[in-house]
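Novice: Handing you a structure now.
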Amino acid sequence: MLWDKTKYAIQLRRGRGECKTSPMHGLIQQIVVTPKNPLTVWSMDILDGDLDMIYTRQDWEGRLDDKDGLPVGRDKPECLSVRIYDATENDKFEVVFKLKEVR
């Protein structure tokens, strides 16, 4: 069992921004999304390699720390698309994935 932690930065423009992750495979144990301003309200979708939505949060205020677990990369590692939108400020966001890879 391997553990990995990756960080991504997303700078919003017009209340929107996105990034593509490096390939992942296993179980995302924790997702942490932190806007620079803790009062920013925002929404987010995470899409898999086929552009199917696998995770969403709407009208969230401030920092998100989700430890529910999210399986990714069913047959092989896949890149995810992280889209932040409808933000009340053009903040810079930090997105952290803590991943448990099971092989």
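Letters A, B, ... go to the chains of the structure tokens in the order shown; residues in each chain start at 1; ligands are counted from 1 in the same order.
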Which residues are near Cys79 (chain A)? Cut-off 8 Å, only C-alpha atoms, ignore same chain within fewer than 3 positions. Put them as an MDAnalysis selection string.
Specialist: chainID A and resid 20:24 48:49
Novice: Next, write the just-selected residues to a file, as a CSV table (one decimal), in the first residue's frame, keeping N, CA, C and O atoms as the atom set.
Specialist:
```
chain,number,residue,atom,x,y,z
A,20,LYS,N,-6.0,20.2,-14.2
A,20,LYS,CA,-6.0,18.7,-14.5
A,20,LYS,C,-4.9,18.1,-13.6
A,20,LYS,O,-3.8,18.6,-13.4
A,21,THR,N,-5.3,17.0,-12.9
A,21,THR,CA,-4.3,16.3,-12.0
A,21,THR,C,-3.4,15.4,-12.8
A,21,THR,O,-3.6,15.1,-13.9
A,22,SER,N,-2.4,15.0,-12.1
A,22,SER,CA,-1.5,13.9,-12.6
A,22,SER,C,-2.3,12.6,-12.5
A,22,SER,O,-3.3,12.6,-11.8
A,23,PRO,N,-1.9,11.5,-13.2
A,23,PRO,CA,-2.7,10.3,-13.1
A,23,PRO,C,-2.8,9.7,-11.7
A,23,PRO,O,-1.8,9.8,-10.9
A,24,MET,N,-4.0,9.3,-11.3
A,24,MET,CA,-4.2,8.7,-10.0
A,24,MET,C,-4.9,7.4,-10.1
A,24,MET,O,-5.6,7.1,-11.0
A,48,ASP,N,-13.9,12.6,-14.0
A,48,ASP,CA,-13.0,11.6,-14.3
A,48,ASP,C,-12.5,11.7,-15.7
A,48,ASP,O,-12.8,12.7,-16.4
A,49,GLY,N,-11.7,10.8,-16.1
A,49,GLY,CA,-11.1,10.8,-17.5
A,49,GLY,C,-12.1,10.8,-18.6
A,49,GLY,O,-11.8,11.3,-19.7
```
Novice: Find the residues near region 68-71 of chain A: any atom within 7 Å, counting only C-alpha atoms, skip ones fewer than 3 places away on the same chain, and give them as a PyMOL selection string.
Specialist: chain A and resi 26-30
Novice: Let me see the file: selected residues, C-alpha atoms, as a short mmCIF file (atom, residue, chain, number, x, y, z; two decimals), in the first residue's frame.
Specialist:
```
data_model
loop_
_atom_site.label_atom_id
_atom_site.label_comp_id
_atom_site.auth_asym_id
_atom_site.auth_seq_id
_atom_site.Cartn_x
_atom_site.Cartn_y
_atom_site.Cartn_z
CA GLY A 26 -6.64 3.97 -5.76
CA LEU A 27 -8.70 5.69 -3.07
CA ILE A 28 -8.61 9.42 -2.41
CA GLN A 29 -8.72 9.37 1.40
CA GLN A 30 -8.97 13.14 1.80
#
```
Novice: Which residues of region 2-72 of chain A come within 12 Å of region 83-88 of chain A, and what is each one's closest atom pair and distance in Å (one decimal), counting only C-alpha atoms, sorted by chain and residue number, as a Markdown table?
Specialist:
```
| residue | atom | partner | partner_atom | distance |
| --- | --- | --- | --- | --- |
| A:Tyr8 | CA | A:Arg83 | CA | 11.9 |
| A:Ala9 | CA | A:Ile84 | CA | 11.3 |
| A:Ile10 | CA | A:Ile84 | CA | 8.3 |
| A:Gln11 | CA | A:Ile84 | CA | 9.6 |
| A:Leu12 | CA | A:Ile84 | CA | 7.9 |
| A:Arg13 | CA | A:Tyr85 | CA | 9.4 |
| A:Arg14 | CA | A:Ala87 | CA | 8.3 |
| A:Gly15 | CA | A:Ala87 | CA | 4.6 |
| A:Arg16 | CA | A:Tyr85 | CA | 4.2 |
| A:Gly17 | CA | A:Ile84 | CA | 5.3 |
| A:Glu18 | CA | A:Arg83 | CA | 4.4 |
| A:Cys19 | CA | A:Arg83 | CA | 6.8 |
| A:Lys20 | CA | A:Arg83 | CA | 8.9 |
| A:Thr21 | CA | A:Arg83 | CA | 11.1 |
| A:Val33 | CA | A:Ile84 | CA | 9.9 |
| A:Thr34 | CA | A:Ile84 | CA | 11.3 |
| A:Pro35 | CA | A:Ala87 | CA | 9.7 |
| A:Lys36 | CA | A:Ala87 | CA | 11.9 |
| A:Asn37 | CA | A:Thr88 | CA | 10.1 |
| A:Pro38 | CA | A:Thr88 | CA | 11.2 |
| A:Leu39 | CA | A:Thr88 | CA | 8.8 |
| A:Thr40 | CA | A:Thr88 | CA | 5.7 |
| A:Val41 | CA | A:Ala87 | CA | 5.5 |
| A:Trp42 | CA | A:Ala87 | CA | 4.1 |
| A:Ser43 | CA | A:Tyr85 | CA | 5.3 |
| A:Met44 | CA | A:Ile84 | CA | 4.4 |
| A:Asp45 | CA | A:Arg83 | CA | 5.2 |
| A:Ile46 | CA | A:Arg83 | CA | 6.3 |
| A:Leu47 | CA | A:Arg83 | CA | 8.2 |
| A:Asp48 | CA | A:Arg83 | CA | 11.5 |
| A:Leu51 | CA | A:Arg83 | CA | 11.2 |
| A:Met53 | CA | A:Arg83 | CA | 10.4 |
| A:Ile54 | CA | A:Arg83 | CA | 11.8 |
| A:Tyr55 | CA | A:Arg83 | CA | 10.4 |
| A:Thr56 | CA | A:Arg83 | CA | 9.4 |
| A:Arg57 | CA | A:Ile84 | CA | 9.4 |
| A:Gln58 | CA | A:Asp86 | CA | 8.8 |
| A:Asp59 | CA | A:Asp86 | CA | 7.9 |
| A:Trp60 | CA | A:Ala87 | CA | 9.2 |
| A:Glu61 | CA | A:Ala87 | CA | 9.4 |
| A:Gly62 | CA | A:Ala87 | CA | 10.5 |
```
Novice: If you measure from CA of Val72 (chain A) to CA of Asn90 (chain A), what distance in Å do you get, rounded to one decimal?
Specialist: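 CA of Val72 (chain A) sits 29.0 Å away from CA of Asn90 (chain A).
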Novice: If I take CA of Arg63 (chain A) and CA of Asp4 (chain A), how far is one from the other in Å, to one decimal?
Specialist: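 So the answer is 20.9 Å.
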Novice: Would you mind telling me which residue in A:Glu101, A:His25, A:Val32, A:Asp52 lies nearest to Asp75 (chain A) when using only C-alpha atoms?
Specialist: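 The shortest atom-to-atom distance to Asp75 (chain A) comes from A:His25.
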Novice: Can you list, as a PyMOL selection string, all residues belonging to chain A that DSSP tags as strand (DSSP E or B)?
Specialist: chain A and resi 2-11+13+16-20+24+26-35+41-47+53-61+64-66+70-72+78+81-85+92-101
Novice: Which is closer to Val95 (chain A) than all the others in A:Ser81, A:Lys76, A:Lys7, A:Lys67, using only C-alpha atoms?
Specialist: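 The answer is A:Lys7, which sits nearest to Val95 (chain A).
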Novice: Quote the spacing between CA of Lys100 (chain A) and CA of Ile31 (chain A) in Å to one decimal place.
Specialist: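 Computing it gives 12.1 Å between the two atoms.
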